[in-house]
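J.: Input structure: protein.pdb, which contains PDB, C-alpha atoms.
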ATOM      1  CA  MET A   1       0.000   0.000   0.000
ATOM      2  CA  LYS A   2       2.822   2.398   0.833
ATOM      3  CA  ARG A   3       4.414   1.698  -2.532
ATOM      4  CA  THR A   4       1.199   2.525  -4.341
ATOM      5  CA  VAL A   5       0.859   5.860  -2.507
ATOM      6  CA  ILE A   6       4.500   6.733  -3.246
ATOM      7  CA  ILE A   7       4.055   5.887  -6.943
ATOM      8  CA  ILE A   8       0.878   8.011  -7.147
ATOM      9  CA  VAL A   9       2.615  10.970  -5.451
ATOM     10  CA  VAL A  10       5.599  10.686  -7.833
ATOM     11  CA  ILE A  11       3.262  10.592 -10.860
ATOM     12  CA  ILE A  12       1.381  13.666  -9.597
ATOM     13  CA  VAL A  13       4.674  15.538  -9.098
ATOM     14  CA  PHE A  14       5.846  14.648 -12.639
ATOM     15  CA  ILE A  15       2.516  15.710 -14.156
ATOM     16  CA  SER A  16       2.583  18.988 -12.210
ATOM     17  CA  LEU A  17       6.161  19.646 -13.289
ATOM     18  CA  ALA A  18       5.289  18.892 -16.932
ATOM     19  CA  ILE A  19       2.288  21.258 -16.825
ATOM     20  CA  PHE A  20       4.422  23.976 -15.230
ATOM     21  CA  LEU A  21       7.111  23.674 -17.874
ATOM     22  CA  LEU A  22       4.602  23.644 -20.742
ATOM     23  CA  ARG A  23       2.907  26.773 -19.438
ATOM     24  CA  LYS A  24       6.217  28.545 -19.045
ATOM     25  CA  GLU A  25       7.218  27.602 -22.600
ATOM     26  CA  ASN A  26       3.841  28.781 -24.004
ATOM     27  CA  SER A  27       3.998  32.111 -22.183
ATOM     28  CA  HIS A  28       7.485  32.694 -23.589
ATOM     29  CA  THR A  29       6.146  32.011 -27.100
ATOM     30  CA  ILE A  30       3.239  34.422 -26.597
ATOM     31  CA  THR A  31       5.592  37.104 -25.304
ATOM     32  CA  GLN A  32       7.816  36.676 -28.333
ATOM     33  CA  ASP A  33       4.818  37.037 -30.649
ATOM     34  CA  ILE A  34       3.676  40.195 -28.865
ATOM     35  CA  ASN A  35       7.118  41.774 -28.883
ATOM     36  CA  GLN A  36       7.763  40.995 -32.538
ATOM     37  CA  VAL A  37       7.800  44.195 -34.612
ATOM     38  CA  THR A  38       6.520  44.209 -38.154
ATOM     39  CA  ASN A  39       7.210  46.939 -40.644
ATOM     40  CA  ALA A  40       4.290  48.724 -42.241
ATOM     41  CA  PRO A  41       4.360  48.975 -46.029
ATOM     42  CA  THR A  42       5.924  52.243 -47.124
ATOM     43  CA  ASP A  43       4.113  52.583 -50.436
ATOM     44  CA  MET A  44       0.769  53.304 -48.756
ATOM     45  CA  PRO A  45      -0.318  56.958 -48.507
ATOM     46  CA  THR A  46      -0.400  58.439 -45.026
ATOM     47  CA  PRO A  47      -3.849  59.759 -44.102
ATOM     48  CA  SER A  48      -3.843  63.455 -43.320
ATOM     49  CA  LEU A  49      -5.999  65.305 -40.855
ATOM     50  CA  ILE A  50      -7.237  68.657 -42.068
ATOM     51  CA  LEU A  51      -7.983  71.086 -39.272
ATOM     52  CA  SER A  52     -10.363  73.893 -39.922
ATOM     53  CA  PRO A  53     -10.214  77.129 -37.918
ATOM     54  CA  THR A  54     -13.895  76.708 -37.055
ATOM     55  CA  ASN A  55     -15.509  73.377 -36.569
ATOM     56  CA  THR A  56     -19.250  72.833 -36.554
ATOM     57  CA  ILE A  57     -19.538  72.115 -32.836
ATOM     58  CA  THR A  58     -17.772  75.320 -31.811
ATOM     59  CA  ALA A  59     -19.763  77.317 -34.341
ATOM     60  CA  SER A  60     -22.983  75.779 -33.053
ATOM     61  CA  ILE A  61     -22.085  76.494 -29.424
ATOM     62  CA  ASN A  62     -21.328  80.135 -30.263
ATOM     63  CA  ASP A  63     -24.356  80.670 -32.523
ATOM     64  CA  GLY A  64     -26.422  83.490 -31.128
ATOM     65  CA  VAL A  65     -24.661  83.844 -27.789
ATOM     66  CA  ASN A  66     -23.155  87.229 -28.665
ATOM     67  CA  ASP A  67     -26.616  88.503 -29.612
ATOM     68  CA  PHE A  68     -27.872  87.257 -26.263
ATOM     69  CA  VAL A  69     -25.026  89.068 -24.467
ATOM     70  CA  THR A  70     -26.133  92.254 -26.215
ATOM     71  CA  LYS A  71     -29.700  91.712 -24.966
ATOM     72  CA  VAL A  72     -28.465  91.160 -21.401
ATOM     73  CA  THR A  73     -26.227  94.245 -21.583
ATOM     74  CA  THR A  74     -29.172  96.328 -22.786
ATOM     75  CA  ALA A  75     -31.423  94.894 -20.056
ATOM     76  CA  LEU A  76     -28.826  95.764 -17.397
ATOM     77  CA  GLN A  77     -28.927  99.419 -18.493
ATOM     78  CA  ALA A  78     -32.685  99.656 -17.929
ATOM     79  CA  GLY A  79     -34.254 101.086 -14.783
ATOM     80  CA  ASN A  80     -35.483  97.688 -13.568
ATOM     81  CA  ALA A  81     -35.500  93.973 -14.434
ATOM     82  CA  SER A  82     -38.520  94.088 -16.760
ATOM     83  CA  GLN A  83     -36.383  93.539 -19.880
ATOM     84  CA  PHE A  84     -35.273  90.184 -18.477
ATOM     85  CA  GLN A  85     -38.839  88.870 -18.913
ATOM     86  CA  ASN A  86     -38.123  87.484 -22.403
ATOM     87  CA  LEU A  87     -34.568  86.353 -21.558
ATOM     88  CA  LEU A  88     -35.653  83.840 -18.917
ATOM     89  CA  VAL A  89     -36.789  80.276 -19.502
ATOM     90  CA  ASN A  90     -40.567  79.924 -19.059
ATOM     91  CA  ASP A  91     -40.567  78.714 -15.464
ATOM     92  CA  GLU A  92     -38.592  76.796 -12.865
ATOM     93  CA  ILE A  93     -35.447  78.894 -12.823
ATOM     94  CA  VAL A  94     -32.599  78.046 -10.465
ATOM     95  CA  LEU A  95     -31.717  80.743  -7.930
ATOM     96  CA  GLY A  96     -28.815  80.252  -5.582
ATOM     97  CA  SER A  97     -25.535  81.390  -4.120
ATOM     98  CA  ASP A  98     -22.102  79.969  -4.893
ATOM     99  CA  THR A  99     -20.609  81.474  -1.734
ATOM    100  CA  ASN A 100     -22.858  80.468   1.158
ATOM    101  CA  GLY A 101     -22.878  76.706   0.536
ATOM    102  CA  GLY A 102     -26.657  76.588   0.503
ATOM    103  CA  THR A 103     -28.813  74.531  -1.798
ATOM    104  CA  PRO A 104     -30.133  76.477  -4.793
ATOM    105  CA  ALA A 105     -33.894  76.863  -5.040
ATOM    106  CA  THR A 106     -36.084  76.436  -8.087
ATOM    107  CA  VAL A 107     -38.378  79.425  -8.416
ATOM    108  CA  SER A 108     -40.810  80.914 -10.914
ATOM    109  CA  LYS A 109     -40.035  83.572 -13.490
ATOM    110  CA  THR A 110     -42.037  86.056 -11.403
ATOM    111  CA  ASP A 111     -39.900  85.296  -8.346
ATOM    112  CA  ILE A 112     -36.664  85.730 -10.337
ATOM    113  CA  LEU A 113     -37.821  89.108 -11.646
ATOM    114  CA  LEU A 114     -38.748  90.133  -8.097
ATOM    115  CA  TRP A 115     -35.299  89.033  -6.826
ATOM    116  CA  LEU A 116     -33.521  90.881  -9.658
ATOM    117  CA  ASN A 117     -35.511  94.055  -8.895
ATOM    118  CA  GLN A 118     -34.669  93.783  -5.179
ATOM    119  CA  HIS A 119     -30.952  93.655  -6.030
ATOM    120  CA  TRP A 120     -31.039  96.123  -8.932
ATOM    121  CA  SER A 121     -28.704  99.108  -8.935
ATOM    122  CA  SER A 122     -27.894 101.933 -11.319
ATOM    123  CA  ASN A 123     -24.397 100.692 -12.177
ATOM    124  CA  LEU A 124     -25.007  97.148 -13.478
ATOM    125  CA  SER A 125     -22.721  95.903 -16.220
ATOM    126  CA  PHE A 126     -21.736  92.824 -18.198
ATOM    127  CA  VAL A 127     -18.262  91.504 -17.280
ATOM    128  CA  SER A 128     -17.537  88.344 -19.260
ATOM    129  CA  LYS A 129     -18.856  85.144 -20.737
ATOM    130  CA  ARG A 130     -17.447  81.641 -20.592
ATOM    131  CA  TYR A 131     -18.583  78.290 -21.897
ATOM    132  CA  ILE A 132     -18.752  75.505 -19.313
ATOM    133  CA  ASP A 133     -17.868  72.551 -21.516
ATOM    134  CA  HIS A 134     -18.529  69.839 -18.935
ATOM    135  CA  PHE A 135     -22.150  70.887 -18.490
ATOM    136  CA  GLY A 136     -22.719  72.490 -21.891
ATOM    137  CA  TYR A 137     -23.902  75.945 -20.825
ATOM    138  CA  TRP A 138     -22.753  79.539 -21.080
ATOM    139  CA  GLU A 139     -22.177  81.627 -17.972
ATOM    140  CA  LEU A 140     -22.489  85.396 -18.210
ATOM    141  CA  ALA A 141     -20.848  87.323 -15.366
ATOM    142  CA  THR A 142     -22.290  90.688 -14.368
ATOM    143  CA  LYS A 143     -21.446  93.138 -11.599
ATOM    144  CA  GLY A 144     -22.834  96.101  -9.710
ATOM    145  CA  TRP A 145     -25.660  94.294  -7.899
ATOM    146  CA  SER A 146     -26.777  95.505  -4.495
ATOM    147  CA  ASN A 147     -27.321  93.356  -1.419
ATOM    148  CA  THR A 148     -25.230  90.397  -2.611
ATOM    149  CA  ASN A 149     -21.997  89.116  -1.032
ATOM    150  CA  THR A 150     -19.766  90.047  -3.969
ATOM    151  CA  GLY A 151     -21.909  92.425  -6.010
ATOM    152  CA  GLU A 152     -21.764  89.889  -8.837
ATOM    153  CA  VAL A 153     -24.511  87.819 -10.433
ATOM    154  CA  ASP A 154     -23.964  85.102 -13.025
ATOM    155  CA  PHE A 155     -26.597  84.120 -15.553
ATOM    156  CA  ARG A 156     -26.398  80.553 -16.863
ATOM    157  CA  LEU A 157     -27.779  79.854 -20.322
ATOM    158  CA  PHE A 158     -29.011  76.800 -22.154
ATOM    159  CA  ARG A 159     -30.686  76.545 -25.531
ATOM    160  CA  TYR A 160     -34.392  75.854 -25.677
ATOM    161  CA  ASP A 161     -36.736  75.052 -28.539
ATOM    162  CA  THR A 162     -40.139  76.696 -29.016
ATOM    163  CA  ASN A 163     -41.733  74.021 -26.783
ATOM    164  CA  GLY A 164     -39.434  74.899 -23.890
ATOM    165  CA  GLN A 165     -37.322  71.740 -24.247
ATOM    166  CA  ARG A 166     -33.577  72.037 -23.689
ATOM    167  CA  GLN A 167     -31.546  71.556 -26.878
ATOM    168  CA  ALA A 168     -27.817  70.999 -27.384
ATOM    169  CA  PHE A 169     -27.126  72.647 -30.744
ATOM    170  CA  SER A 170     -30.185  74.599 -31.783
ATOM    171  CA  GLY A 171     -32.837  76.845 -30.346
ATOM    172  CA  ASN A 172     -32.758  80.116 -28.439
ATOM    173  CA  TRP A 173     -30.447  80.895 -25.557
ATOM    174  CA  LEU A 174     -32.383  81.517 -22.342
ATOM    175  CA  ILE A 175     -31.386  82.034 -18.724
ATOM    176  CA  TYR A 176     -32.103  78.925 -16.659
ATOM    177  CA  ALA A 177     -30.146  79.921 -13.522
ATOM    178  CA  VAL A 178     -29.273  83.068 -11.590
ATOM    179  CA  VAL A 179     -26.272  82.595  -9.310
ATOM    180  CA  TYR A 180     -25.062  85.227  -6.870
TER     181      TYR A 180
END
Any chance you could put this one into structure tokens?
T.:
Amino acid sequence: MKRTVIIIVVIIVFISLAIFLLRKENSHTITQDINQVTNAPTDMPTPSLILSPTNTITASINDGVNDFVTKVTTALQAGNASQFQNLLVNDEIVLGSDTNGGTPATVSKTDILLWLNQHWSSNLSFVSKRYIDHFGYWELATKGWSNTNTGEVDFRLFRYDTNGQRQAFSGNWLIYAVVY
């Protein structure tokens, strides 16, 4: 019985050793195949990439935003916020502060106009615009507001179709958020 057990153990060791060696030999072969460099044919034309100064996505993102900035600048020069009526999305506009850590509220167009009038001053002006690529909106910075921490208010714009649905590359720019 002891001889049988010893023979079985020896056979198992030889089989294990054979499997180990075969695997090692196969992995060496695979590594050689992976590391082998082949030359590409030289008579094939190299594809070229033609870059245009304006691509369609950038043009689409910029379409109409400068006209909207002009409308906001004109509205800021008025005596009150009434000219913002047509620049705001139909309803459910975000109103919030970036500085106090609070949660922004969703309010009606009437409430936004009331808030703008409460913070209106005679020296409001447009400062700058920047596109927020990650979220796909424009942010218009303005200054001169009263009763805010910094005197600045940012208007965030998305495009909307005539049904009030947000659109990526077409439609009219409208303010969907007022951030102070």
J.: Within 8 Å of Ile112 in chain A, counting only C-alpha atoms, which residues show up once you throw out same-chain ones fewer than 6 positions away? Write them as a CSV table (one decimal) with C-alpha atoms, in the frame of the given file, please.
T.:
chain,number,residue,atom,x,y,z
A,93,ILE,CA,-35.4,78.9,-12.8
A,95,LEU,CA,-31.7,80.7,-7.9
A,178,VAL,CA,-29.3,83.1,-11.6
J.: What lies within 12 Å of Gln167 in chain A using only C-alpha atoms, ignoring chain neighbours under 4 positions off, as a ChimeraX atom specification?
T.: /A:60-61,136-137,157-163,171-174
J.: Please, could you write that set of residues out with C-alpha atoms as a short mmCIF file (atom, residue, chain, number, x, y, z; two decimals), in the coordinates of the input?
T.:
data_model
loop_
_atom_site.label_atom_id
_atom_site.label_comp_id
_atom_site.auth_asym_id
_atom_site.auth_seq_id
_atom_site.Cartn_x
_atom_site.Cartn_y
_atom_site.Cartn_z
CA SER A 60 -22.98 75.78 -33.05
CA ILE A 61 -22.08 76.49 -29.42
CA GLY A 136 -22.72 72.49 -21.89
CA TYR A 137 -23.90 75.94 -20.82
CA LEU A 157 -27.78 79.85 -20.32
CA PHE A 158 -29.01 76.80 -22.15
CA ARG A 159 -30.69 76.54 -25.53
CA TYR A 160 -34.39 75.85 -25.68
CA ASP A 161 -36.74 75.05 -28.54
CA THR A 162 -40.14 76.70 -29.02
CA ASN A 163 -41.73 74.02 -26.78
CA GLY A 171 -32.84 76.84 -30.35
CA ASN A 172 -32.76 80.12 -28.44
CA TRP A 173 -30.45 80.90 -25.56
CA LEU A 174 -32.38 81.52 -22.34
#
J.: Convert the output of the PyMOL selection byres ((chain A and resi 155) around 10) on the shown file into explicit residues, formatted as a list of chain:residue names.
T.: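 Evaluating the PyMOL selection byres ((chain A and resi 155) around 10) on this file yields A:Val72, A:Leu88, A:Val94, A:Leu95, A:Lys129, A:Trp138, A:Glu139, A:Leu140, A:Ala141, A:Thr142, A:Val153, A:Asp154, A:Arg156, A:Leu157, A:Leu174, A:Ile175, A:Tyr176, A:Ala177, A:Val178, A:Val179, A:Tyr180.
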J.: What does the distance between CA of Val89 in chain A and CA of Asn149 in chain A come to in Å, to one decimal place?
T.: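 About the pair CA of Val89 in chain A and CA of Asn149 in chain A: they are 25.3 Å apart.
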J.: Tell me, as a VMD selection string, which residues lie within 12 Å of Thr74 in chain A, counting all atoms listed in the file; anything in the same chain fewer than 4 positions away does not count.
T.: chain A and resid 67 to 70 78 to 84 87 124 to 126
J.: Please produce a file of those selected residues containing C-alpha atoms, as a CSV table (one decimal), in the coordinates of the input.
T.:
chain,number,residue,atom,x,y,z
A,67,ASP,CA,-26.6,88.5,-29.6
A,68,PHE,CA,-27.9,87.3,-26.3
A,69,VAL,CA,-25.0,89.1,-24.5
A,70,THR,CA,-26.1,92.3,-26.2
A,78,ALA,CA,-32.7,99.7,-17.9
A,79,GLY,CA,-34.3,101.1,-14.8
A,80,ASN,CA,-35.5,97.7,-13.6
A,81,ALA,CA,-35.5,94.0,-14.4
A,82,SER,CA,-38.5,94.1,-16.8
A,83,GLN,CA,-36.4,93.5,-19.9
A,84,PHE,CA,-35.3,90.2,-18.5
A,87,LEU,CA,-34.6,86.4,-21.6
A,124,LEU,CA,-25.0,97.1,-13.5
A,125,SER,CA,-22.7,95.9,-16.2
A,126,PHE,CA,-21.7,92.8,-18.2
J.: For a quick check of understanding, using only C-alpha atoms, which of A:Ala105, A:Leu114, A:Val127, A:Ala168 has the smallest distance to Gly151 in chain A?
T.: A:Val127
J.: Quick one: distance from CA of Thr106 in chain A to CA of Glu92 in chain A in Å, one decimal?
T.: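 Atom-to-atom, CA of Thr106 in chain A and CA of Glu92 in chain A are spaced 5.4 Å apart.
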J.: Show which residues sit within 12 Å of Thr148 in chain A, as an NGL selection string. Count only C-alpha atoms, and ignore same-chain residues fewer than 6 positions away.
T.: :A and (96-100 or 115-116 or 118-121 or 154 or 179-180)
J.: For a test of reading the model, state the distance in Å between CA of Ile132 in chain A and CA of Phe169 in chain A, rounded to one decimal.
T.: 14.5 Å
J.: Return as JSON the centre and edge lengths, in Å with one decimal, of the box along x, y and z that encloses every atom of range 92-99 of chain A in the file, padded by 4 Å per side.
T.:
{"center_x": -29.6, "center_y": 79.1, "center_z": -7.3, "size_x": 26.0, "size_y": 12.7, "size_z": 19.1}
J.: Using all atoms listed in the file, which of A:Gln165, A:Asn90, A:Ser108, A:Gln77 sits nearest Gly144 in chain A?
T.: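 Checking each of A:Gln165, A:Asn90, A:Ser108, A:Gln77 against Gly144 in chain A, counting all atoms listed in the file, the winner is A:Gln77.
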